[in-house]
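Report on the following structure.
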Amino acid sequence: MKPLKYLVRLEPDLGSFKFKGFVAIDLKSDTPVDRIILNVKDLTVEECILLYKGREDVCSYSVVGEREELHVHPPRRVKGRFVLKIRFNGVINDLMIGFYKSKYITADGVEKYIAVTQFEEREARRAFPCFDHPSFKAVFNIELIVDEKLTAVSNTEILEEYPLGDGRRLVRFAPTPLLSTYLVFFAVGEFEHIQDASSKPVIRVLTPPGKTVYAGYALKKARAALSFMEKYTGLDYPTGKCDYISVQDFVFGAMENYGAITFRENALLVYPNVTNRSNLVRIASIIAHETAHLWFGDIVTPLDWSYLWLNESFATYFSYAAVDVQHPDWEMWDRFLLENSVEAFKRDSLQHTHPIQLPVNLPVNINTSTAPIIYNKGAAILLMLAEYLGEEDFQKAVSVFLRRHAYRNVSTDDYWSVFEEVSQTPVREFADAWIKQPGYPLITAYLEDDTLRLKQARFTYQPGEFKEKWIIPVKLTVHGGEHSGIFEYVLRNREECIKDLPVDSVFKLNSGGRGFYRVKYGMSNLERLGELASKKILNSADSFNIENDFYALTLRGDYSIGEYLYLLEKYYGSEDRYLPASDIAGNLLELNLITPQYKSKIIGYGLKLSERILDGIGLQPVEDETPQRSELRNIMLWTATVLGSKRIREYCSSLFERILEGGIVHPDLQPVALKAGVYVNPAGLNYIKRRLESNTITETEKVYLLNALGAVSDSQLLKDALDYALRKVAKNNIFIVVNSAARNPTALNWLWSWFTDNIKRLEQLPLTHLGRVIASVTPFSGLKNISEVELFFNAYKSPGNLEEDTIKMALEELKVYASVSSR
């Protein structure tokens, strides 16, 4: 049995925050059935009627709450086509899932609400009875009965609307293409919009009243992303409009509802004198990510949640590819390595990890544990695959696949069949090793006379015996005078040799950094690569590769922290490029939290690095600088502040004072001015609180302030700030404050106790955000209380499935840092 078509009619009341509903589901069953099982949650079912062969029958029914199911029992067995009609009532909740209310404040300080949906992964059942699984694609006809003064929005354009004579009107939307329930969308409220109707589809950006003036950048980037995806895939967007919608109360950054994509305000709108260059990159990337989902997820949909990576990995990949075409000077692929690959490597270096493709027919949650694999690692594997096959064949395979499987459900194997057909390469063998196995390889490489010996084994921070083996495309650069060159090689076995290399050559594996593996070199070759890095003969990705791999091996125990610092001192003393310099700064701040015995050396090198780079790029932004230069400045200002630079602390304090006095600070400097400013001057906490409670604050500025709230350097004031966050900050933002505090040296000795004392309050957060809090607090603040932390989690009964993934991940990270700390 499967649904073919839905008619969903809702009557939301934004006064009582309740709704009446009616759904008629056109069903087809190839065998006789006497029971129909749908999904429902938090709905009151009033009536079930079956229309079969022209006759309507009232059906008995029961709700099985623990299974979130509605069991409907027709009075006779049915087969073929029939229609199930259900009347029901529901609540517009405040959970930021299902059909929920989102509050916003008008320019004159009035509190108002919209009603909006968020259905991924299994929440459509909170809004209407349905077959709530991605494999049940159907056509949706949405009708909303709303107050005449309000705007109604759904996945498609309005087909017709007319008044009902009671102050309300009925809005009927065009039928959708075949969609899964998690992509259905509707919203009611006061919206304004701007649009680009220059070509099809019409693109609109919808905002609360008065905010469309800030939507121009998003409109431009939406058109650019749509045009890129249509050209790249060869498949046009199929319906007449696509909306990009600003939502104030939102758990995620954005959601790819077909034709009606929702965003957090700070992921969509650009505010003069507040939004900075880094925000502009983020907005463009998120818009590109969600737009890519219209093809990867919406038009072609996973057969099961275990194949979710087919949505998220491709969308993540294209969030960089699409923006790179628009802005080649933004160095998006360097940014990919720093933002995406580093996160994926870190997560996948733990023994407790999982494959990109998850087990079939089991619940899947996108959370702190799974996202770095499903999104980040998956995208990194696609980047490697694109280089392995060649960009032309990769693009052709994507295009053929989408056109062949449009409006269908697919599995991983469906993808690889097309990729093999197009590329004439055994892609399935390559892909299965990377997609269906956990972890990733370390290649140990050393030169013996003219023979390069390569050995692969799974890399983890903690020792273990592993059976995994990969097919690894190795891009090898040989530096050696007339013998220099780039060579491509595929490592298929655990050990292989490459012969006839020049005896005195210097070799670099993973040239360009697009392979998802690490490399351990012999010391002689490593030192010579270091010399090339120090002279910047290596590009930024290769210099980053060498440093980042060495750091990972240091965490594992192959090298000491002293050796890592020596590497930096000797070979990275003049490094000032965004990718390697940013990674080094992040690693030093991490070591500063976990290794007290090396603290003075870490501080010494960190200050030398940050002050040298700041002297080179200047403390003040300049008009035509790139976003990555601006971000590097902020990273170094924060690093220098935490590590104790008197000069930089004074500078950041002066910026903060200017803010306190109502002066203007360049948008690029505002995040670090607030965060570093309150770190230096904790008394500024009162300003942070007052500003957070202002009616004129934007979501973008709010994020700056929330990060600053967790950066106070006085313990008592920081505890006050955390308590304030739990009492006053919106639930969808509290994790920002706690995550900031978790990396604040001030909180190291007591944040774990604060966490356990406040666990019941923290459990009121969205489950995803509770996971983020656990993952950020445990590894650092648990270092002085490891036994206590383990005892706590052994007895802890958390909501959802956190025991199985996020908690295990956090505990293993804690053990890794404890091992480093004890050396």
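By convention in this document, the chains of the structure tokens carry letters A, B, ... by their order, each chain's residues are numbered from 1, and ligands are numbered from 1 in the order they are shown.
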Phe119 (chain A): which residues within 6 Å, counting only C-alpha atoms, same-chain residues fewer than 4 positions away excluded, as a compact mmCIF listing (two decimals) with N, CA and C atoms, in the first residue's frame?
```
# COMPACT_ATOMS: atom_id res chain seq x y z
N GLY A 98 7.58 20.06 13.90
CA GLY A 98 6.17 19.91 13.54
C GLY A 98 5.62 21.24 13.05
N GLU A 123 8.60 14.53 11.56
CA GLU A 123 7.72 15.42 12.32
C GLU A 123 6.49 15.90 11.55
N ALA A 124 6.31 15.48 10.31
CA ALA A 124 5.08 15.83 9.58
C ALA A 124 3.87 15.24 10.29
N TYR A 182 8.63 14.86 4.70
CA TYR A 182 9.51 15.75 5.45
C TYR A 182 9.83 17.04 4.69
```
| Selection near Gly464 (chain A), 12 Å with only C-alpha atoms, sequence-local residues under 4 positions removed, as a VMD selection string | chain A and resid 349 to 352 457 to 460 468 556
Output N, CA, C and O atoms for every residue in that selection, as an mmCIF file, in the first residue's frame.
```
data_model
loop_
_atom_site.group_PDB
_atom_site.id
_atom_site.type_symbol
_atom_site.label_atom_id
_atom_site.label_comp_id
_atom_site.auth_asym_id
_atom_site.auth_seq_id
_atom_site.Cartn_x
_atom_site.Cartn_y
_atom_site.Cartn_z
ATOM 1 N N SER A 349 38.427 10.124 13.608
ATOM 2 C CA SER A 349 39.640 9.589 14.232
ATOM 3 C C SER A 349 39.340 8.862 15.533
ATOM 4 O O SER A 349 40.247 8.293 16.150
ATOM 5 N N LEU A 350 38.091 8.899 15.954
ATOM 6 C CA LEU A 350 37.680 8.179 17.152
ATOM 7 C C LEU A 350 37.314 6.746 16.786
ATOM 8 O O LEU A 350 36.793 6.481 15.702
ATOM 9 N N GLN A 351 37.576 5.832 17.703
ATOM 10 C CA GLN A 351 37.177 4.447 17.454
ATOM 11 C C GLN A 351 35.659 4.332 17.394
ATOM 12 O O GLN A 351 35.114 3.539 16.619
ATOM 13 N N HIS A 352 34.978 5.121 18.227
ATOM 14 C CA HIS A 352 33.511 5.128 18.181
ATOM 15 C C HIS A 352 33.064 6.108 17.100
ATOM 16 O O HIS A 352 32.843 7.286 17.329
ATOM 17 N N ALA A 457 46.773 1.786 6.938
ATOM 18 C CA ALA A 457 46.088 1.217 8.102
ATOM 19 C C ALA A 457 45.143 2.274 8.634
ATOM 20 O O ALA A 457 45.358 3.478 8.455
ATOM 21 N N ARG A 458 44.093 1.829 9.281
ATOM 22 C CA ARG A 458 43.126 2.790 9.832
ATOM 23 C C ARG A 458 43.790 3.661 10.901
ATOM 24 O O ARG A 458 44.539 3.161 11.743
ATOM 25 N N PHE A 459 43.493 4.958 10.846
ATOM 26 C CA PHE A 459 44.028 5.897 11.829
ATOM 27 C C PHE A 459 42.995 6.143 12.926
ATOM 28 O O PHE A 459 41.840 6.471 12.644
ATOM 29 N N THR A 460 43.405 5.996 14.160
ATOM 30 C CA THR A 460 42.605 6.424 15.309
ATOM 31 C C THR A 460 43.541 7.036 16.337
ATOM 32 O O THR A 460 44.727 6.718 16.379
ATOM 33 N N GLU A 468 39.811 -2.690 8.410
ATOM 34 C CA GLU A 468 39.410 -1.901 7.244
ATOM 35 C C GLU A 468 40.584 -1.693 6.280
ATOM 36 O O GLU A 468 41.735 -1.528 6.686
ATOM 37 N N ARG A 556 47.860 11.422 18.773
ATOM 38 C CA ARG A 556 47.893 9.961 18.893
ATOM 39 C C ARG A 556 49.075 9.493 19.739
ATOM 40 O O ARG A 556 49.056 8.402 20.296
#
```
| said: Give me, as JSON, numbers by chain, all polymer residues having an atom no more than 9 Å from Val58 (chain A), counting only C-alpha atoms and skipping those fewer than 4 positions away in the same chain. | reply: {"A": [47, 48, 49, 50, 74, 75]}
How would the residues just picked look written out with N, CA and C atoms as a PDB file, in the first residue's frame?
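Output contents, as saved in selection11.pdb:
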```pdb
ATOM      1  N   GLU A  47     -12.350  11.757  13.327  1.00  0.00           N
ATOM      2  CA  GLU A  47     -13.179  10.923  12.451  1.00  0.00           C
ATOM      3  C   GLU A  47     -12.326  10.354  11.324  1.00  0.00           C
ATOM      4  N   CYS A  48     -12.596   9.101  10.974  1.00  0.00           N
ATOM      5  CA  CYS A  48     -11.951   8.463   9.831  1.00  0.00           C
ATOM      6  C   CYS A  48     -13.029   7.888   8.916  1.00  0.00           C
ATOM      7  N   ILE A  49     -12.975   8.243   7.646  1.00  0.00           N
ATOM      8  CA  ILE A  49     -13.966   7.780   6.673  1.00  0.00           C
ATOM      9  C   ILE A  49     -13.223   7.201   5.475  1.00  0.00           C
ATOM     10  N   LEU A  50     -13.681   6.058   4.980  1.00  0.00           N
ATOM     11  CA  LEU A  50     -13.077   5.425   3.814  1.00  0.00           C
ATOM     12  C   LEU A  50     -14.018   5.542   2.619  1.00  0.00           C
ATOM     13  N   PRO A  74     -11.015  -0.435   8.286  1.00  0.00           N
ATOM     14  CA  PRO A  74     -12.188  -0.349   7.402  1.00  0.00           C
ATOM     15  C   PRO A  74     -13.195  -1.449   7.749  1.00  0.00           C
ATOM     16  N   PRO A  75     -14.481  -1.185   7.518  1.00  0.00           N
ATOM     17  CA  PRO A  75     -15.485  -2.219   7.810  1.00  0.00           C
ATOM     18  C   PRO A  75     -15.435  -3.381   6.819  1.00  0.00           C
TER      19      PRO A  75
END
```
| Can you list, as a list of chain:residue names, every protein, DNA or RNA residue that comes within 12 Å of Asp615 (chain A) when you count only C-alpha atoms, leaving out same-chain residues fewer than 2 positions away? | A:Ser574, A:Asp576, A:Leu607, A:Lys608, A:Leu609, A:Ser610, A:Glu611, A:Arg612, A:Ile613, A:Ile617, A:Gly618, A:Leu619, A:Gln620, A:Arg633, A:Met636, A:Leu637, A:Arg647, A:Ile648
| said: Set the distance at 8 Å and use only C-alpha atoms: which residues neighbour region 509-516 of chain A once local chain neighbours fewer than 4 positions away are removed? I'd like the list as an MDAnalysis selection string. | reply: chainID A and resid 337 341 380:381 383:384 387 440:441 472:477 539 541:542 545
Output the selection as a PDB file, in the first residue's frame - C-alpha atoms for each residue.
```
ATOM      1  CA  LEU A 337      39.602  21.848   4.097  1.00  0.00           C
ATOM      2  CA  SER A 341      37.687  18.203   6.336  1.00  0.00           C
ATOM      3  CA  ALA A 380      35.173  15.132   1.471  1.00  0.00           C
ATOM      4  CA  ILE A 381      34.765  11.720  -0.176  1.00  0.00           C
ATOM      5  CA  LEU A 383      35.707  15.855  -3.487  1.00  0.00           C
ATOM      6  CA  MET A 384      38.165  12.958  -3.639  1.00  0.00           C
ATOM      7  CA  GLU A 387      39.419  14.286  -8.559  1.00  0.00           C
ATOM      8  CA  TYR A 440      39.851   6.475   7.244  1.00  0.00           C
ATOM      9  CA  PRO A 441      43.445   5.457   6.443  1.00  0.00           C
ATOM     10  CA  ILE A 472      43.065   5.216  -2.120  1.00  0.00           C
ATOM     11  CA  PRO A 473      43.665   7.569  -5.058  1.00  0.00           C
ATOM     12  CA  VAL A 474      47.120   8.934  -4.283  1.00  0.00           C
ATOM     13  CA  LYS A 475      48.183  12.176  -5.896  1.00  0.00           C
ATOM     14  CA  LEU A 476      51.965  12.303  -5.539  1.00  0.00           C
ATOM     15  CA  THR A 477      54.159  15.334  -6.150  1.00  0.00           C
ATOM     16  CA  ASN A 539      50.770  25.747  -1.788  1.00  0.00           C
ATOM     17  CA  ALA A 541      46.743  23.206   1.099  1.00  0.00           C
ATOM     18  CA  ASP A 542      49.950  21.148   1.080  1.00  0.00           C
ATOM     19  CA  ASN A 545      48.300  18.970   5.148  1.00  0.00           C
TER      20      ASN A 545
END
```
| field | Within 12 Å of Thr370 (chain A) using only C-alpha atoms, minus same-chain residues under 4 positions, as a PyMOL selection string | value | chain A and resi 306+308-309+312+343-344+347-348+352-358+364-366+374-378+438+768+771-772+801-802+804-809
I need the chosen residues saved as an mmCIF file, in the first residue's frame, with N, CA and C atoms.
```cif
data_model
loop_
_atom_site.group_PDB
_atom_site.id
_atom_site.type_symbol
_atom_site.label_atom_id
_atom_site.label_comp_id
_atom_site.auth_asym_id
_atom_site.auth_seq_id
_atom_site.Cartn_x
_atom_site.Cartn_y
_atom_site.Cartn_z
ATOM 1 N N SER A 306 18.826 5.830 6.101
ATOM 2 C CA SER A 306 20.225 5.382 6.109
ATOM 3 C C SER A 306 21.004 5.958 4.934
ATOM 4 N N LEU A 308 20.741 9.032 3.974
ATOM 5 C CA LEU A 308 20.671 10.491 4.130
ATOM 6 C C LEU A 308 21.908 11.183 3.580
ATOM 7 N N TRP A 309 23.040 10.499 3.602
ATOM 8 C CA TRP A 309 24.269 11.114 3.102
ATOM 9 C C TRP A 309 24.116 11.561 1.652
ATOM 10 N N GLU A 312 22.890 15.105 2.123
ATOM 11 C CA GLU A 312 23.719 16.085 2.828
ATOM 12 C C GLU A 312 25.144 16.182 2.293
ATOM 13 N N GLU A 343 36.923 18.979 10.543
ATOM 14 C CA GLU A 343 35.854 18.482 11.408
ATOM 15 C C GLU A 343 35.602 17.003 11.165
ATOM 16 N N ALA A 344 35.620 16.602 9.893
ATOM 17 C CA ALA A 344 35.396 15.191 9.560
ATOM 18 C C ALA A 344 36.532 14.313 10.073
ATOM 19 N N ARG A 347 36.275 13.877 13.943
ATOM 20 C CA ARG A 347 35.220 12.951 14.356
ATOM 21 C C ARG A 347 35.571 11.512 13.995
ATOM 22 N N ASP A 348 36.139 11.313 12.808
ATOM 23 C CA ASP A 348 36.366 9.964 12.301
ATOM 24 C C ASP A 348 37.661 9.352 12.825
ATOM 25 N N HIS A 352 34.978 5.121 18.227
ATOM 26 C CA HIS A 352 33.511 5.128 18.181
ATOM 27 C C HIS A 352 33.064 6.108 17.100
ATOM 28 N N THR A 353 32.994 5.597 15.887
ATOM 29 C CA THR A 353 32.498 6.386 14.767
ATOM 30 C C THR A 353 31.529 5.497 14.002
ATOM 31 N N HIS A 354 31.133 5.886 12.829
ATOM 32 C CA HIS A 354 30.204 5.062 12.046
ATOM 33 C C HIS A 354 30.406 5.343 10.566
ATOM 34 N N PRO A 355 29.949 4.461 9.695
ATOM 35 C CA PRO A 355 30.083 4.700 8.257
ATOM 36 C C PRO A 355 29.226 5.887 7.806
ATOM 37 N N ILE A 356 29.538 6.394 6.641
ATOM 38 C CA ILE A 356 28.723 7.467 6.052
ATOM 39 C C ILE A 356 27.310 6.957 5.789
ATOM 40 N N GLN A 357 27.210 5.744 5.239
ATOM 41 C CA GLN A 357 25.899 5.126 5.064
ATOM 42 C C GLN A 357 25.555 4.360 6.327
ATOM 43 N N LEU A 358 24.458 4.739 6.947
ATOM 44 C CA LEU A 358 24.061 4.159 8.227
ATOM 45 C C LEU A 358 23.236 2.887 8.012
ATOM 46 N N VAL A 364 17.362 7.581 12.268
ATOM 47 C CA VAL A 364 18.572 8.382 12.075
ATOM 48 C C VAL A 364 18.310 9.777 12.601
ATOM 49 N N ASN A 365 19.229 10.288 13.402
ATOM 50 C CA ASN A 365 19.134 11.662 13.879
ATOM 51 C C ASN A 365 20.363 12.430 13.431
ATOM 52 N N ILE A 366 20.124 13.626 12.901
ATOM 53 C CA ILE A 366 21.233 14.510 12.564
ATOM 54 C C ILE A 366 21.632 15.218 13.845
ATOM 55 N N ILE A 374 28.067 12.383 8.102
ATOM 56 C CA ILE A 374 27.093 12.429 7.012
ATOM 57 C C ILE A 374 27.313 13.643 6.113
ATOM 58 N N TYR A 375 27.561 14.791 6.719
ATOM 59 C CA TYR A 375 27.771 16.025 5.943
ATOM 60 C C TYR A 375 29.241 16.147 5.514
ATOM 61 N N ASN A 376 30.126 16.251 6.512
ATOM 62 C CA ASN A 376 31.499 16.676 6.245
ATOM 63 C C ASN A 376 32.336 15.584 5.585
ATOM 64 N N LYS A 377 32.348 14.403 6.200
ATOM 65 C CA LYS A 377 33.144 13.331 5.587
ATOM 66 C C LYS A 377 32.567 12.954 4.223
ATOM 67 N N GLY A 378 31.242 12.868 4.142
ATOM 68 C CA GLY A 378 30.633 12.528 2.858
ATOM 69 C C GLY A 378 31.031 13.487 1.762
ATOM 70 N N PRO A 438 33.604 2.380 8.554
ATOM 71 C CA PRO A 438 33.957 3.500 9.431
ATOM 72 C C PRO A 438 35.432 3.846 9.282
ATOM 73 N N THR A 768 19.059 18.114 19.749
ATOM 74 C CA THR A 768 20.289 18.362 18.996
ATOM 75 C C THR A 768 21.210 19.303 19.756
ATOM 76 N N GLY A 771 22.895 17.736 22.771
ATOM 77 C CA GLY A 771 24.054 16.981 22.301
ATOM 78 C C GLY A 771 25.258 17.867 22.070
ATOM 79 N N ARG A 772 25.034 19.051 21.522
ATOM 80 C CA ARG A 772 26.145 19.981 21.298
ATOM 81 C C ARG A 772 26.763 20.414 22.624
ATOM 82 N N ASN A 801 18.482 9.408 21.795
ATOM 83 C CA ASN A 801 19.473 8.340 21.653
ATOM 84 C C ASN A 801 20.881 8.839 21.941
ATOM 85 N N LEU A 802 21.019 9.843 22.807
ATOM 86 C CA LEU A 802 22.334 10.418 23.047
ATOM 87 C C LEU A 802 23.311 9.409 23.628
ATOM 88 N N GLU A 804 23.921 6.499 22.755
ATOM 89 C CA GLU A 804 24.537 5.657 21.745
ATOM 90 C C GLU A 804 25.528 6.390 20.864
ATOM 91 N N ASP A 805 25.473 7.694 20.790
ATOM 92 C CA ASP A 805 26.388 8.354 19.868
ATOM 93 C C ASP A 805 27.109 9.539 20.497
ATOM 94 N N THR A 806 26.396 10.593 20.839
ATOM 95 C CA THR A 806 27.071 11.803 21.299
ATOM 96 C C THR A 806 27.841 11.585 22.594
ATOM 97 N N ILE A 807 27.256 10.881 23.535
ATOM 98 C CA ILE A 807 27.932 10.660 24.817
ATOM 99 C C ILE A 807 29.180 9.803 24.629
ATOM 100 N N LYS A 808 29.078 8.731 23.857
ATOM 101 C CA LYS A 808 30.252 7.903 23.597
ATOM 102 C C LYS A 808 31.339 8.697 22.886
ATOM 103 N N MET A 809 30.932 9.531 21.951
ATOM 104 C CA MET A 809 31.897 10.373 21.248
ATOM 105 C C MET A 809 32.606 11.314 22.218
#
```
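For the choices A:Leu280, A:Leu593, A:Ala533, A:Leu811, the atom-to-atom distance to Glu788 (chain A) is smallest for A:Leu811 when using only C-alpha atoms.
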| field | 9 Å contact set for Ser180 (chain A), only C-alpha atoms, chain neighbours under 6 positions out, as an MDAnalysis selection string | value | chainID A and resid 131:139 298 301
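Of the listed residues (A:Ala174, A:Val247, A:Val680, A:Ala218), A:Val247 comes nearest to Thr117 (chain A); the distances count only C-alpha atoms.
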| said: To one decimal place in Å, what is the distance between CA of Thr746 (chain A) and CA of Ile603 (chain A)? | reply: 15.8 Å
| said: So, with only C-alpha atoms as the atoms that count, which of A:Leu491, A:Glu421, A:Ala321, A:Trp434 lies closest to Arg453 (chain A)? | reply: A:Leu491
| query | Which distance in Å separates CA of Tyr687 (chain A) and CA of Leu705 (chain A), to one decimal? | reply | 9.6 Å
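For the choices A:Leu70, A:Ala187, A:Leu770, A:Val153, the atom-to-atom distance to Pro12 (chain A) is smallest for A:Ala187 when using only C-alpha atoms.
As for CA of Gln195 (chain A) and CA of Thr151 (chain A), they are spaced 15.6 Å apart.
Shortest atom-to-atom contact with Trp638 (chain A) among A:Lys675, A:Lys101, A:Arg67, A:Lys85: A:Lys675, counting only C-alpha atoms.
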| task | Could you give me the residues within region 129-373 of chain A that DSSP places in strand (DSSP E), as a ChimeraX atom specification? | result | /A:139-147,151-154,158-163,168-173,186-189,192-196,202-207,241-247,254-255,260-264,301-302
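Comparing A:Gly210, A:Pro745, A:Gly530, A:Gly259 by their smallest distance to Phe186 (chain A), the closest is A:Gly259 (using only C-alpha atoms).
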